[in-house]
Amino acid sequence: MGLRVLWIISHEGGENASIRFSRRFPTVEHRARSLSGSSYVAVPEDSLILQPLLTELGISSSNKSYVAQRDDCIYRPRSPALELRLDGEKTLWPVLNISQGSLILACLPLVDVPSETRPPLSSLLSVSQGLTLLAGLQTFLLGSGGKPYGDGLISRLEMLPSALLQVCPLGTPLDVPLVGVPTTPAVPIPAGTQKQPAWKTGLHRGRAMVNVAVTETVRSMQYGNQSRQDLWDVYGTVTCKCEVEGVLPNVTVTLSLPPNGSPLQDILVHPCVTSLDSSILTSSSVDNLDGSAFSGPYKFPFSPPLEPFRLCSYTSQVPVPPILGLYQLKEEDNQLRLTASLKLHETVKNNFEYCEAHLPLFNRNQMGGADVKVSFGQVDVSKEKNLLVWALGQKFPKSREVSLEAKINFSGQSPGPCDPLCTGLTAYIKLHFKVPDMTLSGCSVDQHSVQVYSSSKPRIATSRELLCKEYYIWNSTGAAPVSGAQMTT
């Protein structure tokens with residue numbers, strides 16, 4: 001295992017980009033050449049790397065907002081690992097990167113698998129090593145909440161060569177889990193016999209506490225038309241903040257599902273996780289289309305960093321979206337007639353922190369008059385923005401169905417907002433909602449299942465919530481963008 005090359009790049013909004021630091025490791029590159037054989041791709045000079053990397057990250061100064069090799073729906077991004085396309089058909093994979101403001105840290109780890117395969121990132125130790133090193137270097141260069149510029153950054157960049165000799169000699173990162181390391185024993189090792197790793201900059205002192213939060217996000221594209229297939233997907237993250245005494249305290253978090261829950265798939269874990277069941281790593285939404293995915297329990301033993309971190313992320317294939325909608329918009333007598341209906345699925349908890357439906361109307365003059373009737377909730381009409389905001393509050397009615405009817409004319413003298421996509425009868429409803437204490441997959445963390453091996457007993461808090469993002473209901477009587485592929489995260 002090791003790193004072939006490391007880059008630190010700065011830019012100003014995609015312009016004036018420059019490589020502030022680079023370091024190549026010839027011994028690791030020699031191993032890469034031996035492992036790859038005829039499929040070996042050499043790392044180009046720094047001057048040839050900069051533009052492809054910025055383009056892949058979408059921050060290039062190029063006027064092209066759409067790049068087919070990056071944005072076409074047949075390509076599935078696997079952040080934070082990029083496939084860097086060079087001249088011809090040659091590619092570098094996986095190029096790892098993390099960014100903060102105008103500073104980009106990137107590296108190319110040595111991967112001991114054939115170049116034609118793309119195994120799950122979480123199964124590659126070198127990926128975990130690379131991300132751990134980048135995160136540590138980010139803290140070293142910027143400090144806690146630091147800014148990616150100024151004299152402080154310049155002085156730390158000057159110190160970086162000597163620092164790399166300590167934490168990454170000959171391209172091999174130190175203080176990361178090794179292959180085959182057994183699960184940490186339940187009896188903690190005395191802190192005095194443990195070496196503090198380089199990535200852990202301090203120790204916690206004071207009251208012990210562990211906070212675990214599960215957040216699921218649902219996206220949806222609904223068309224209300226039998227000729228177009230509705231799409232939706234769900235992805236989740238588990239974030240932790242562990243304030244526990246000790247050099248390397250041991251914590252185990254267990255995710256569980258109800259009997260009718262949707263299995264977790266495409267699981268990626270933080271580098272601090274020490275061991276995993278192989279069934280967790282191999283559960284993929286692409287390979288398990290027959291519904292035979294591993295259904296838990298999902299145990300994650302780890303030694304936490306001091307700062308809040310994302311323990312893992314996952315996807316889940318739920319059978320239905322939480323809110324089903326129908327939207328119809330027609331032009332009648334120089335005015336628009338709108339009808340909309342929303343139905344909350346019976347499996348979703350009827351207890352929202354907030355729930356709103358936004359109905360924007362583009363490429364017309366400003367609204368002159370609006371006659372709006374709703375069966376439930378309140379509507380705010382913004383004539384300047386040509387926008388209806390339908391506030392549904394914290395609960396749907398007992399029927400779990402609501403409807404809206406409106407007649408709108410656009411007799412204003414000034415033009416309203418424009419959107420090149422929403423011309424003619426192409427229009428949408430965009431939902432915004434948050435449901436506390438619920439996930440669509442059923443995933444949860446019982447505070448009694450959180451195990452902490454430390455000298456003091458911590459207070460444990462767990463929570464979960466459901467959010468929506470890019471949740472659209474398109475007008476069924478007009479054209480709408482349609483994707484033939486599954487929505488990806």
# chains A, B, ... in the order shown; residues from 1 in each chain; ligands from 1
$ residues_around --residues "Val41 of chain A" --least-positions-apart "3" --cutoff "8 Å" --atoms "only C-alpha atoms" --output "PyMOL selection string"
chain A and resi 33+90-92
$ write_last_selection --atoms "C-alpha atoms" --output "CSV table (one decimal), in the first residue's frame"
chain,number,residue,atom,x,y,z
A,33,ARG,CA,4.4,-0.4,-12.7
A,90,LYS,CA,-5.9,6.7,-20.5
A,91,THR,CA,-7.3,7.3,-17.0
A,92,LEU,CA,-6.0,7.6,-13.5
$ select_by_dssp --residues "segment 219-351 of chain A" --states "strand (DSSP E)" --output "number ranges by chain"
A: 219-222, 231-243, 250-255, 264-269, 298-302, 309-316, 323-332, 335-344
$ atom_distance --atom1 "atom CA of Leu388 of chain A" --atom2 "atom CA of Leu431 of chain A"
12.0 Å
$ residues_around --residues "Ser99 of chain A" --least-positions-apart "4" --cutoff "12 Å" --atoms "only C-alpha atoms" --output "mmCIF file with N, CA, C and O atoms, in the first residue's frame"
data_model
loop_
_atom_site.group_PDB
_atom_site.id
_atom_site.type_symbol
_atom_site.label_atom_id
_atom_site.label_comp_id
_atom_site.auth_asym_id
_atom_site.auth_seq_id
_atom_site.Cartn_x
_atom_site.Cartn_y
_atom_site.Cartn_z
ATOM 1 N N TRP A 7 -0.780 16.102 -4.350
ATOM 2 C CA TRP A 7 -0.851 17.473 -4.863
ATOM 3 C C TRP A 7 -1.608 18.361 -3.876
ATOM 4 O O TRP A 7 -2.570 17.916 -3.249
ATOM 5 N N ILE A 8 -1.180 19.611 -3.783
ATOM 6 C CA ILE A 8 -1.936 20.634 -3.072
ATOM 7 C C ILE A 8 -2.108 21.803 -4.032
ATOM 8 O O ILE A 8 -1.114 22.356 -4.536
ATOM 9 N N ILE A 9 -3.365 22.155 -4.296
ATOM 10 C CA ILE A 9 -3.707 23.108 -5.352
ATOM 11 C C ILE A 9 -4.520 24.249 -4.760
ATOM 12 O O ILE A 9 -5.375 24.033 -3.883
ATOM 13 N N SER A 10 -4.265 25.440 -5.224
ATOM 14 C CA SER A 10 -5.084 26.587 -4.835
ATOM 15 C C SER A 10 -5.665 27.225 -6.090
ATOM 16 O O SER A 10 -5.096 27.117 -7.187
ATOM 17 N N HIS A 11 -6.830 27.867 -5.943
ATOM 18 C CA HIS A 11 -7.482 28.526 -7.080
ATOM 19 C C HIS A 11 -8.345 29.660 -6.548
ATOM 20 O O HIS A 11 -8.608 29.767 -5.351
ATOM 21 N N LEU A 54 -9.307 20.044 -12.354
ATOM 22 C CA LEU A 54 -10.278 21.122 -12.136
ATOM 23 C C LEU A 54 -11.553 20.880 -12.940
ATOM 24 O O LEU A 54 -12.662 21.150 -12.479
ATOM 25 N N LEU A 57 -13.662 18.261 -11.237
ATOM 26 C CA LEU A 57 -14.290 18.796 -10.028
ATOM 27 C C LEU A 57 -15.360 19.837 -10.341
ATOM 28 O O LEU A 57 -16.072 20.280 -9.443
ATOM 29 N N ILE A 59 -14.890 22.959 -11.394
ATOM 30 C CA ILE A 59 -14.523 24.328 -11.000
ATOM 31 C C ILE A 59 -13.543 24.934 -11.988
ATOM 32 O O ILE A 59 -12.842 25.884 -11.690
ATOM 33 N N PRO A 80 -15.382 10.343 -2.831
ATOM 34 C CA PRO A 80 -14.410 11.346 -3.264
ATOM 35 C C PRO A 80 -13.333 10.806 -4.196
ATOM 36 O O PRO A 80 -12.241 11.360 -4.250
ATOM 37 N N LEU A 103 -8.707 25.769 -1.503
ATOM 38 C CA LEU A 103 -7.587 24.827 -1.403
ATOM 39 C C LEU A 103 -8.076 23.406 -1.680
ATOM 40 O O LEU A 103 -9.087 22.964 -1.134
ATOM 41 N N ILE A 104 -7.353 22.710 -2.551
ATOM 42 C CA ILE A 104 -7.683 21.324 -2.908
ATOM 43 C C ILE A 104 -6.496 20.445 -2.560
ATOM 44 O O ILE A 104 -5.361 20.737 -2.951
ATOM 45 N N LEU A 105 -6.740 19.377 -1.812
ATOM 46 C CA LEU A 105 -5.718 18.375 -1.521
ATOM 47 C C LEU A 105 -6.101 17.107 -2.260
ATOM 48 O O LEU A 105 -7.236 16.625 -2.151
ATOM 49 N N ALA A 106 -5.183 16.560 -3.044
ATOM 50 C CA ALA A 106 -5.480 15.375 -3.854
ATOM 51 C C ALA A 106 -4.291 14.425 -3.818
ATOM 52 O O ALA A 106 -3.135 14.839 -3.652
ATOM 53 N N LEU A 131 -7.334 8.958 2.252
ATOM 54 C CA LEU A 131 -8.267 9.932 2.815
ATOM 55 C C LEU A 131 -7.837 10.357 4.216
ATOM 56 O O LEU A 131 -7.973 11.526 4.598
ATOM 57 N N LEU A 134 -4.978 12.809 3.756
ATOM 58 C CA LEU A 134 -5.446 14.112 3.274
ATOM 59 C C LEU A 134 -6.139 14.893 4.379
ATOM 60 O O LEU A 134 -5.936 16.106 4.516
ATOM 61 N N ALA A 135 -6.961 14.204 5.169
ATOM 62 C CA ALA A 135 -7.642 14.889 6.272
ATOM 63 C C ALA A 135 -6.638 15.404 7.298
ATOM 64 O O ALA A 135 -6.781 16.514 7.824
ATOM 65 N N LEU A 137 -3.451 16.198 6.700
ATOM 66 C CA LEU A 137 -2.727 17.314 6.101
ATOM 67 C C LEU A 137 -3.579 18.582 6.066
ATOM 68 O O LEU A 137 -3.070 19.689 6.232
ATOM 69 N N GLN A 138 -4.891 18.410 5.843
ATOM 70 C CA GLN A 138 -5.783 19.567 5.856
ATOM 71 C C GLN A 138 -5.769 20.244 7.221
ATOM 72 O O GLN A 138 -5.694 21.472 7.321
ATOM 73 N N THR A 139 -5.819 19.442 8.274
ATOM 74 C CA THR A 139 -5.754 20.000 9.628
ATOM 75 C C THR A 139 -4.402 20.645 9.882
ATOM 76 O O THR A 139 -4.307 21.719 10.493
ATOM 77 N N LEU A 142 -4.339 24.041 7.707
ATOM 78 C CA LEU A 142 -5.326 25.082 7.984
ATOM 79 C C LEU A 142 -5.662 25.216 9.453
ATOM 80 O O LEU A 142 -6.239 26.232 9.862
ATOM 81 N N LYS A 147 -8.285 29.421 7.478
ATOM 82 C CA LYS A 147 -8.572 29.900 6.143
ATOM 83 C C LYS A 147 -7.474 29.430 5.194
ATOM 84 O O LYS A 147 -6.292 29.408 5.540
ATOM 85 N N PRO A 148 -7.850 29.059 3.939
ATOM 86 C CA PRO A 148 -6.869 28.516 2.989
ATOM 87 C C PRO A 148 -6.029 29.587 2.307
ATOM 88 O O PRO A 148 -5.847 29.571 1.104
#
$ closest_residue --among "A:Asn16, A:Gln265, A:Ser463, A:Ser126" --to "Val234 of chain A" --atoms "only C-alpha atoms"
A:Gln265
$ closest_residue --among "A:Gln100, A:Ser128, A:Thr172, A:Ser411" --to "Thr27 of chain A" --atoms "only C-alpha atoms"
A:Thr172
$ residues_around --residues "Lys373 of chain A" --least-positions-apart "4" --cutoff "9 Å" --atoms "only C-alpha atoms" --output "ChimeraX atom specification"
/A:379,403-406
$ atom_distance --atom1 "atom CA of Leu121 of chain A" --atom2 "atom CA of Ala81 of chain A"
8.0 Å
$ closest_residue --among "A:Arg364, A:Lys457, A:Arg31, A:Lys343" --to "Gly424 of chain A" --atoms "only C-alpha atoms"
A:Arg364
$ closest_residue --among "A:Ile98, A:Cys272, A:Val435, A:Ile460" --to "Val244 of chain A" --atoms "only C-alpha atoms"
A:Ile460
$ closest_residue --among "A:Gly152, A:Gly171, A:Pro258, A:Pro301" --to "Gln451 of chain A" --atoms "only C-alpha atoms"
A:Pro301
$ atom_distance --atom1 "atom CA of Asp380 of chain A" --atom2 "atom CA of Pro417 of chain A"
17.2 Å
$ closest_residue --among "A:Gly101, A:Met221, A:Asp437, A:Leu153" --to "Gly13 of chain A" --atoms "only C-alpha atoms"
A:Gly101
